[in-house]
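One structure is given here, and the rest of the page talks about it.
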Amino acid sequence: MLQKGQQKRIFLSSPHMSGNEMHYINEAFETNWIAPLGPNVDAFEKEIANYVGVSEAVAVSSGTAAIHLALSLLDVKKGDKVFCSTLTFVASANPILYQGAEPVFIDSEPETWNMSPQALEKALKDASMDGKLPKAVIVVNLYGQSAKMDEIVSLCNQYDVPIIEDAAESLGSTYKGKASGTFGKFGVFSFNGNKIITTSSGGMLISNDVEALKKARFLATQAKDPALHYQHSTIGFNYRMSNILAGVGRAQLEVLEQRVQARRLLFDQYNQELCSIPGIHFMPELKHTQSNRWLTALTINEEVTGISVHAILNALSEENIEARPVWKPLHMQPLFERVKYYPHSENTSVSEMLFDTGLCLPSGSNMTEEDQMRVIKCMKELLKIKV
């Protein structure tokens with residue numbers, strides 16, 4: 001409840017329902033498909049696979065679960081190494097630890113804010129010389145922007161290392177006309193409540209390897225052997241999506257293109273209003289790509305603007321506006337303090353610079369023009385620009 005005189009809350013990225021979700025939910029209730037799995041799950045998997053152009057998809061309980069399954073399918077185990085983008089949420093790397101393996105973090109580069117091919121090449125060369133290549137490379141598409149997949153795929157093919165493309169934030173984005181998430185051995189999407197489309201919680205593992213996804217379904221349903229009684233020969237997981245949540249996802253997928261368009265328009269408006277301010281630089285969009293602009297992200301040069309990211313975040317919070325710093329790089333997290341890290345260049349850590357200067361503005365596709373202009377007005381006042 002709002003206190004007297006307090007303006008309404010503007011969220012960073014709140015769920016945006018289409019209005020058709022109850023059709024699929026009611027159908028599940030009417031047919032009593034309440035338990036996990038069911039017709040909505042089957043249909044949602046097919047619809048996602050068709051949308052991005054892959055052979056099959058497996059609906060799971062979270063994007064984290066999808067990454068964990070991908071690592072399991074690649075037989076990642078104790079003593080193995082997995083390379084991972086450092087500028088990302090911890091969920092990208094935690095499954096490496098679940099498998100008992102060791103992460104190695106790769107820096108970002110300036111043109112996409114994503115994995116640096118230059119740093120990756122150095123890491124792969126070192127690993128090859130040591131005779132210990134990684135079992136996989138987890139590439140993250142940050143805030144909807146695809147990484148430099150041509151360069152990354154070429155390097156991984158050269159060393160015969162499979163790619164897991166963490167496209168949790170980039171459903172609806174494209175790289176050279178091809179859907180984000182489809183460049184690796186496996187792709188991963190998230191349907192968390194703040195994502196561009198949501199199932200409340202949930203994720204999807206996609207691949208063109210149909211046999212691998214068949215095994216993923218087996219592992220995700222407690223690895224039950226084909227026997228009349230309950231028999232288990234392999235460690236399994238309780239990772240499948242419920243039929244009710246899959247119904248929400250089906251309705252959400254129907255409006256994905258509208259959601260992408262809305263977020264891109266929000267970005268364009270922010271960019272138009274703020275890009276001319278000295279010291280403000282928006283997250284770039286790589287040539288021949290289209291970002292879904294899940295979050296509008298920018299950097300603030302404190303020396304030029306005279307105000308820090310921290311001060312801006314505090315001031316926005318006082319105005320009941322939710323904003324967020326850019327992800328803290330994983331190599332800087334206490335959990336990973338002893339993990340090896342490859343910077344973009346000898347003297348440049350792009351991810352650390354982005355963490356120090358980066359800011360994400362409210363970007364929900366259900367934001368009103370009035371709400372966005374309120375954010376812009378606050379930003380201009382903070383930066384002492386005439387409104």
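Just so we're on the same page: first chain in the structure tokens is A, next is B, and so on; residues restart at 1 for each chain, and ligands are numbered from 1 in the order they show up.
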Fill in: Those of region 37-172 of chain A in DSSP alpha helix (DSSP H), formatted as an MDAnalysis selection string
chainID A and resid 39:52 63:73 94:98 117:130 149:158
Fill in: Near-region 299-304 of chain A list (8 Å; only C-alpha atoms; drop same-chain fewer than 3 positions) as a list in words
Pro278, Gly279, Ile280, His281, Phe282, Met283, Ile307, Ser308, Val309, Leu354, Thr357, Gly358 and Leu359 of chain A
Same residues, C-alpha atoms, output as a PDB file, in the first residue's frame:
```
ATOM      1  CA  PRO A 278      28.025  13.589 -21.560  1.00  0.00           C
ATOM      2  CA  GLY A 279      29.260  10.490 -19.719  1.00  0.00           C
ATOM      3  CA  ILE A 280      26.221   8.315 -20.603  1.00  0.00           C
ATOM      4  CA  HIS A 281      26.727   5.333 -22.922  1.00  0.00           C
ATOM      5  CA  PHE A 282      24.071   2.710 -23.652  1.00  0.00           C
ATOM      6  CA  MET A 283      24.750  -0.991 -24.112  1.00  0.00           C
ATOM      7  CA  ILE A 307      27.548  11.320  -9.886  1.00  0.00           C
ATOM      8  CA  SER A 308      28.141   7.650  -9.156  1.00  0.00           C
ATOM      9  CA  VAL A 309      26.005   4.654 -10.103  1.00  0.00           C
ATOM     10  CA  LEU A 354      31.015  -2.505 -16.514  1.00  0.00           C
ATOM     11  CA  THR A 357      29.843   1.950 -14.116  1.00  0.00           C
ATOM     12  CA  GLY A 358      26.800  -0.036 -15.275  1.00  0.00           C
ATOM     13  CA  LEU A 359      23.143   0.579 -14.509  1.00  0.00           C
TER      14      LEU A 359
END
```
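Among A:Lys377, A:Phe183, A:Val140, A:Ile321, the residue with the shortest atom-to-atom distance to Ser154 (chain A), counting only C-alpha atoms, is A:Phe183.
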Fill in: Interatomic distance, CA of Arg250 (chain A) to CA of Trp33 (chain A) (Å, one decimal)
15.3 Å
Discussion item. Which residues are near Gln6 (chain A)? Cut-off 12 Å, only C-alpha atoms, ignore same chain within fewer than 5 positions. Put them as a ChimeraX atom specification.
Written reply: /A:1,317-321
Practice prompt. Show which residues sit within 7 Å of region 198-206 of chain A, as a list in words. Count only C-alpha atoms, and ignore same-chain residues fewer than 6 positions away.
Written response: Pro15, Glu56, Ala57, Val58, Ala59, Val60, Ser61, Ser62, Gly63, Ala66, Phe186, Gly187, Val188, Phe189, Ser190, Phe191, Asn192, Met241, Leu245, Ala246, Val248, Gly249 and Gln252 of chain A
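Closest approach to Ala262 (chain A) among A:Gly181, A:Gly79, A:Pro110, A:Gly364: A:Gly364, based on only C-alpha atoms.
If you look at CA of Pro284 (chain A) and CA of Gly193 (chain A), they are 25.3 Å away from each other.
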Item to complete: Would you mind listing what lies within 10 Å of Tyr51 (chain A) as number ranges by chain, with only C-alpha atoms counted and same-chain residues fewer than 5 positions away left out?
Response: A: 45-46, 171-172, 179, 253
Worksheet item: If you count only C-alpha atoms, which residues fall within 12 Å of Tyr143 (chain A), apart from same-chain ones fewer than 2 positions away, as a ChimeraX atom specification?
Response: /A:13,87-89,112-114,140-141,145-147,166-173,194-196,263-264,267,283-285,290-298,326-327,359-361,363
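For the pair CA of Asp225 (chain A) and CA of Ala70 (chain A), the interatomic distance is 20.0 Å.
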Item to complete: Find the residue from A:Lys135, A:Lys178, A:Arg9, A:Arg240 that sits nearest to Val375 (chain A); use only C-alpha atoms when measuring.
Response: A:Arg9
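Within region 71-180 of chain A, DSSP applied to the backbone places the following residues in strand (DSSP E): A:Lys81, A:Val82, A:Phe83, A:Cys84, A:Ser85, A:Glu102, A:Pro103, A:Val104, A:Phe105, A:Ile106, A:Ala136, A:Val137, A:Ile138, A:Val139, A:Val140, A:Ile163, A:Ile164, A:Glu165, A:Asp166, A:Thr174, A:Tyr175, A:Lys178, A:Ala179.
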Worksheet entry | All residues 10 Å or closer to region 122-133 of chain A, only C-alpha atoms, same chain fewer than 5 positions away omitted, as a ChimeraX atom specification | /A:79-83,104-106,117,155-156,158-161,340-345
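The closest residue to Leu142 (chain A), picked from A:Ile312, A:Ala119, A:Gln372, A:Ser108 and counting only C-alpha atoms, is A:Ser108.
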Discussion item. Measuring between only C-alpha atoms, which one of A:Glu165, A:Glu322, A:Glu381, A:Glu211 shows the shortest distance to Ala136 (chain A)?
Written reply: A:Glu165
Worksheet entry | Among listed residues A:His68, A:Pro134, A:Glu370, A:Ser18, nearest Asn238 (chain A) (using only C-alpha atoms) | A:His68
